[in-house]
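Visitor: Got a structure for you, model.pdb, holding PDB, C-alpha atoms.
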```pdb
ATOM      1  CA  MET A1395      -3.544  35.508 -12.396  1.00  0.00           C
ATOM      2  CA  GLU A1396      -1.884  37.692  -9.788  1.00  0.00           C
ATOM      3  CA  HIS A1397       1.833  37.102  -9.285  1.00  0.00           C
ATOM      4  CA  ILE A1398       3.411  36.951  -5.840  1.00  0.00           C
ATOM      5  CA  ASP A1399       7.030  37.165  -4.834  1.00  0.00           C
ATOM      6  CA  TRP A1400       9.069  34.559  -2.966  1.00  0.00           C
ATOM      7  CA  GLY A1401       8.575  36.391   0.336  1.00  0.00           C
ATOM      8  CA  ASP A1402       4.779  36.098  -0.005  1.00  0.00           C
ATOM      9  CA  PHE A1403       5.056  32.347  -0.587  1.00  0.00           C
ATOM     10  CA  GLN A1404       7.370  31.892   2.398  1.00  0.00           C
ATOM     11  CA  LYS A1405       4.729  33.412   4.678  1.00  0.00           C
ATOM     12  CA  VAL A1406       2.432  30.429   4.068  1.00  0.00           C
ATOM     13  CA  ASP A1407       3.440  27.662   6.481  1.00  0.00           C
ATOM     14  CA  ILE A1408       2.393  24.372   4.860  1.00  0.00           C
ATOM     15  CA  ARG A1409       3.237  21.252   6.868  1.00  0.00           C
ATOM     16  CA  VAL A1410       2.655  17.536   6.619  1.00  0.00           C
ATOM     17  CA  GLY A1411       0.514  16.019   9.342  1.00  0.00           C
ATOM     18  CA  THR A1412      -1.152  12.700  10.064  1.00  0.00           C
ATOM     19  CA  ILE A1413      -4.910  12.440  10.529  1.00  0.00           C
ATOM     20  CA  VAL A1414      -5.413  10.895  13.972  1.00  0.00           C
ATOM     21  CA  ASP A1415      -9.175  11.337  14.453  1.00  0.00           C
ATOM     22  CA  VAL A1416     -12.173  11.653  12.120  1.00  0.00           C
ATOM     23  CA  GLU A1417     -15.767  12.382  13.126  1.00  0.00           C
ATOM     24  CA  ASP A1418     -18.928  13.157  11.213  1.00  0.00           C
ATOM     25  CA  PHE A1419     -19.805  16.860  11.149  1.00  0.00           C
ATOM     26  CA  PRO A1420     -23.628  16.873  10.861  1.00  0.00           C
ATOM     27  CA  GLU A1421     -23.859  20.591  11.729  1.00  0.00           C
ATOM     28  CA  ALA A1422     -21.904  21.601   8.597  1.00  0.00           C
ATOM     29  CA  ARG A1423     -23.824  23.230   5.743  1.00  0.00           C
ATOM     30  CA  ARG A1424     -22.317  20.742   3.274  1.00  0.00           C
ATOM     31  CA  PRO A1425     -21.272  17.178   4.125  1.00  0.00           C
ATOM     32  CA  ALA A1426     -17.966  17.277   5.995  1.00  0.00           C
ATOM     33  CA  TYR A1427     -15.789  15.577   8.573  1.00  0.00           C
ATOM     34  CA  LYS A1428     -14.177  17.002  11.700  1.00  0.00           C
ATOM     35  CA  LEU A1429     -10.493  16.111  11.630  1.00  0.00           C
ATOM     36  CA  LYS A1430      -7.662  16.122  14.148  1.00  0.00           C
ATOM     37  CA  VAL A1431      -4.249  16.283  12.489  1.00  0.00           C
ATOM     38  CA  ASP A1432      -0.953  15.610  14.280  1.00  0.00           C
ATOM     39  CA  PHE A1433       1.820  17.981  13.159  1.00  0.00           C
ATOM     40  CA  GLY A1434       4.443  16.672  15.564  1.00  0.00           C
ATOM     41  CA  GLN A1435       5.824  17.921  18.844  1.00  0.00           C
ATOM     42  CA  GLU A1436       6.549  21.522  17.763  1.00  0.00           C
ATOM     43  CA  ILE A1437       3.018  22.276  16.497  1.00  0.00           C
ATOM     44  CA  GLY A1438       0.919  19.553  18.094  1.00  0.00           C
ATOM     45  CA  ILE A1439      -2.552  18.351  17.125  1.00  0.00           C
ATOM     46  CA  LYS A1440      -4.832  20.814  15.326  1.00  0.00           C
ATOM     47  CA  LYS A1441      -8.529  20.606  14.465  1.00  0.00           C
ATOM     48  CA  SER A1442     -10.046  21.246  11.058  1.00  0.00           C
ATOM     49  CA  SER A1443     -13.089  20.431   8.994  1.00  0.00           C
ATOM     50  CA  ALA A1444     -13.003  19.085   5.470  1.00  0.00           C
ATOM     51  CA  GLN A1445     -15.665  18.620   2.815  1.00  0.00           C
ATOM     52  CA  ILE A1446     -14.212  15.341   1.606  1.00  0.00           C
ATOM     53  CA  THR A1447     -17.053  12.901   2.319  1.00  0.00           C
ATOM     54  CA  ALA A1448     -17.734  12.241  -1.386  1.00  0.00           C
ATOM     55  CA  LEU A1449     -14.383  10.516  -1.928  1.00  0.00           C
ATOM     56  CA  TYR A1450     -13.177   9.373   1.496  1.00  0.00           C
ATOM     57  CA  ALA A1451     -14.626   7.075   4.138  1.00  0.00           C
ATOM     58  CA  LYS A1452     -13.724   7.916   7.741  1.00  0.00           C
ATOM     59  CA  GLU A1453     -11.772   4.714   8.291  1.00  0.00           C
ATOM     60  CA  GLU A1454      -9.519   5.255   5.256  1.00  0.00           C
ATOM     61  CA  LEU A1455      -8.539   8.739   6.484  1.00  0.00           C
ATOM     62  CA  LEU A1456      -7.027   7.575   9.774  1.00  0.00           C
ATOM     63  CA  GLY A1457      -3.255   7.535   9.434  1.00  0.00           C
ATOM     64  CA  LYS A1458      -3.255   9.412   6.108  1.00  0.00           C
ATOM     65  CA  GLN A1459      -0.650  12.155   5.810  1.00  0.00           C
ATOM     66  CA  VAL A1460      -1.964  15.440   4.416  1.00  0.00           C
ATOM     67  CA  LEU A1461      -0.632  18.911   3.647  1.00  0.00           C
ATOM     68  CA  ALA A1462      -2.143  21.769   5.639  1.00  0.00           C
ATOM     69  CA  VAL A1463      -1.624  25.464   6.236  1.00  0.00           C
ATOM     70  CA  VAL A1464      -0.876  25.838   9.944  1.00  0.00           C
ATOM     71  CA  ASN A1465      -0.414  29.610  10.285  1.00  0.00           C
ATOM     72  CA  PHE A1466      -3.874  30.953   9.463  1.00  0.00           C
ATOM     73  CA  PRO A1467      -5.683  32.370  12.492  1.00  0.00           C
ATOM     74  CA  PRO A1468      -8.295  30.016  14.007  1.00  0.00           C
ATOM     75  CA  LYS A1469     -11.701  30.240  12.311  1.00  0.00           C
ATOM     76  CA  GLN A1470     -15.095  29.348  13.755  1.00  0.00           C
ATOM     77  CA  ILE A1471     -16.870  26.830  11.527  1.00  0.00           C
ATOM     78  CA  GLY A1472     -20.211  26.017  13.083  1.00  0.00           C
ATOM     79  CA  PRO A1473     -19.583  24.561  16.526  1.00  0.00           C
ATOM     80  CA  ILE A1474     -15.848  23.905  16.017  1.00  0.00           C
ATOM     81  CA  MET A1475     -12.820  26.173  15.887  1.00  0.00           C
ATOM     82  CA  SER A1476     -10.749  25.257  12.832  1.00  0.00           C
ATOM     83  CA  GLU A1477      -7.038  25.590  13.603  1.00  0.00           C
ATOM     84  CA  CYS A1478      -5.539  24.649  10.235  1.00  0.00           C
ATOM     85  CA  LEU A1479      -6.530  24.438   6.571  1.00  0.00           C
ATOM     86  CA  VAL A1480      -6.215  20.937   5.136  1.00  0.00           C
ATOM     87  CA  THR A1481      -5.474  21.416   1.436  1.00  0.00           C
ATOM     88  CA  GLY A1482      -7.065  19.683  -1.518  1.00  0.00           C
ATOM     89  CA  LEU A1483      -7.983  20.082  -5.150  1.00  0.00           C
ATOM     90  CA  HIS A1484     -11.443  20.189  -6.727  1.00  0.00           C
ATOM     91  CA  ARG A1485     -12.326  17.660  -9.394  1.00  0.00           C
ATOM     92  CA  PRO A1486     -14.671  18.734 -12.216  1.00  0.00           C
ATOM     93  CA  ASP A1487     -17.633  17.258 -10.273  1.00  0.00           C
ATOM     94  CA  GLY A1488     -16.822  19.450  -7.250  1.00  0.00           C
ATOM     95  CA  SER A1489     -15.489  16.677  -5.017  1.00  0.00           C
ATOM     96  CA  VAL A1490     -12.212  17.338  -3.212  1.00  0.00           C
ATOM     97  CA  VAL A1491      -9.026  15.255  -3.507  1.00  0.00           C
ATOM     98  CA  LEU A1492      -6.712  15.710  -0.532  1.00  0.00           C
ATOM     99  CA  SER A1493      -3.170  17.009  -1.018  1.00  0.00           C
ATOM    100  CA  THR A1494      -0.954  14.228   0.295  1.00  0.00           C
ATOM    101  CA  VAL A1495       2.640  13.051   0.150  1.00  0.00           C
ATOM    102  CA  ASP A1496       3.762   9.932  -1.697  1.00  0.00           C
ATOM    103  CA  MET A1497       6.254   8.834   0.987  1.00  0.00           C
ATOM    104  CA  ASP A1498       6.043   8.921   4.784  1.00  0.00           C
ATOM    105  CA  LEU A1499       7.528  12.054   6.339  1.00  0.00           C
ATOM    106  CA  PRO A1500       7.928  13.162   9.953  1.00  0.00           C
ATOM    107  CA  ASN A1501       4.875  15.090  11.105  1.00  0.00           C
ATOM    108  CA  GLY A1502       5.556  18.805  10.956  1.00  0.00           C
ATOM    109  CA  THR A1503       7.849  18.675   7.922  1.00  0.00           C
ATOM    110  CA  ARG A1504       7.502  22.016   6.125  1.00  0.00           C
ATOM    111  CA  LEU A1505       6.800  22.307   2.410  1.00  0.00           C
ATOM    112  CA  ALA A1506      10.004  23.597   0.849  1.00  0.00           C
TER
END
```
Please render this file's structure as structure tokens.
Guide:
Amino acid sequence: MEHIDWGDFQKVDIRVGTIVDVEDFPEARRPAYKLKVDFGQEIGIKKSSAQITALYAKEELLGKQVLAVVNFPPKQIGPIMSECLVTGLHRPDGSVVLSTVDMDLPNGTRLA
């Protein structure tokens, strides 16, 4: 494991945002959704894709607060430009569990 210093960690801007739109992403190589996540007035709504179809139905994602990296450069993923990285953890079977918060927070709150 490579160690980083506090300054390296502070460079990663992880914020809480609320999923406001979910669409199927049939063009993706692996099953995925296209997401729009609201990070509040300062950052706005950003697009992303997420390979979370194994554990989450579209309708249960709407309104869910997630943690995402908002300061990576945009990345082309098939026909969409991903503007943030929604974080999650892999289970032993390869499915992804979203990183969420256990209490409501204002959109845009930064991970401390």
Visitor: Please list as number ranges by chain every residue within 6 Å of Asn1501 (chain A), counting all atoms listed in the file and excluding residues in the same chain fewer than 3 positions away.
Guide: A: 1410-1411, 1433-1434
Visitor: Save the residues we just selected, C-alpha atoms, as a PDB file, keeping the file's coordinate frame?
Guide:
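Result saved to again_5.pdb:
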```
ATOM      1  CA  VAL A1410       2.655  17.536   6.619  1.00  0.00           C
ATOM      2  CA  GLY A1411       0.514  16.019   9.342  1.00  0.00           C
ATOM      3  CA  PHE A1433       1.820  17.981  13.159  1.00  0.00           C
ATOM      4  CA  GLY A1434       4.443  16.672  15.564  1.00  0.00           C
TER       5      GLY A1434
END
```
Visitor: For Gly1472 (chain A), find every residue with an atom within 12 Å (counting all atoms listed in the file), except residues of its own chain fewer than 6 positions away, and show them as a PDB file with C-alpha atoms, keeping the file's coordinate frame.
Guide:
```
ATOM      1  CA  PHE A1419     -19.805  16.860  11.149  1.00  0.00           C
ATOM      2  CA  PRO A1420     -23.628  16.873  10.861  1.00  0.00           C
ATOM      3  CA  GLU A1421     -23.859  20.591  11.729  1.00  0.00           C
ATOM      4  CA  ALA A1422     -21.904  21.601   8.597  1.00  0.00           C
ATOM      5  CA  ARG A1423     -23.824  23.230   5.743  1.00  0.00           C
ATOM      6  CA  ARG A1424     -22.317  20.742   3.274  1.00  0.00           C
ATOM      7  CA  ALA A1426     -17.966  17.277   5.995  1.00  0.00           C
ATOM      8  CA  LYS A1428     -14.177  17.002  11.700  1.00  0.00           C
ATOM      9  CA  SER A1442     -10.046  21.246  11.058  1.00  0.00           C
ATOM     10  CA  SER A1443     -13.089  20.431   8.994  1.00  0.00           C
TER      11      SER A1443
END
```
Visitor: Grab the CA of Val1416 (chain A) to CA of Leu1505 (chain A) distance for me, in Å with one decimal place.
Guide: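 Interatomic distance, CA of Val1416 (chain A) to CA of Leu1505 (chain A): 23.8 Å.
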Visitor: Which residue out of A:Gln1445, A:Thr1503, A:Gln1404, A:Gln1435 has the minimum interatomic distance to Val1480 (chain A) when only C-alpha atoms are used?
Guide: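 Among A:Gln1445, A:Thr1503, A:Gln1404, A:Gln1435, it is A:Gln1445 that comes nearest to Val1480 (chain A).
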Visitor: Quick one: pull the distance between CA of Gly1457 (chain A) and CA of Ile1413 (chain A), Å, one decimal.
Guide: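 Taking CA of Gly1457 (chain A) as the start and CA of Ile1413 (chain A) as the end point, the length is 5.3 Å.
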Visitor: Quote the spacing between CA of Ile1408 (chain A) and CA of Ser1489 (chain A) in Å to one decimal place.
Guide: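 Interatomic distance here is 21.8 Å.
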Visitor: Which residues match the PyMOL selection byres ((chain A and resi 1460) around 9) in the file above, as a VMD selection string?
Guide: chain A and resid 1409 to 1413 1431 1458 to 1459 1461 to 1462 1480 to 1482 1492 to 1495
Visitor: Calculated over all atoms listed in the file, which of the candidates A:Glu1477, A:Asp1407, A:Asp1418, A:Glu1454 has the smallest distance to Lys1441 (chain A)?
Guide: A:Glu1477
Visitor: Measuring between only C-alpha atoms, which one of A:Leu1499, A:Val1463, A:Ala1506, A:Val1490 shows the shortest distance to Val1406 (chain A)?
Guide: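 Selected residue with least distance to Val1406 (chain A): A:Val1463.
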Visitor: Measuring atom to atom with all atoms listed in the file, identify which of A:Lys1440, A:Lys1452, A:Lys1405, A:His1484 is nearest to Pro1468 (chain A).
Guide: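 Nearest to Pro1468 (chain A): A:Lys1440.
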Visitor: Enclose the full set of atoms of region 1433-1446 of chain A listed in the file within a box whose edges lie along x, y and z, apply 6 Å of padding to each of the six sides, and report centre and edge lengths in Å to one decimal as lines of an AutoDock Vina configuration file.
Guide:
```
center_x = -4.6
center_y = 18.8
center_z = 10.2
size_x = 34.2
size_y = 18.9
size_z = 29.2
```
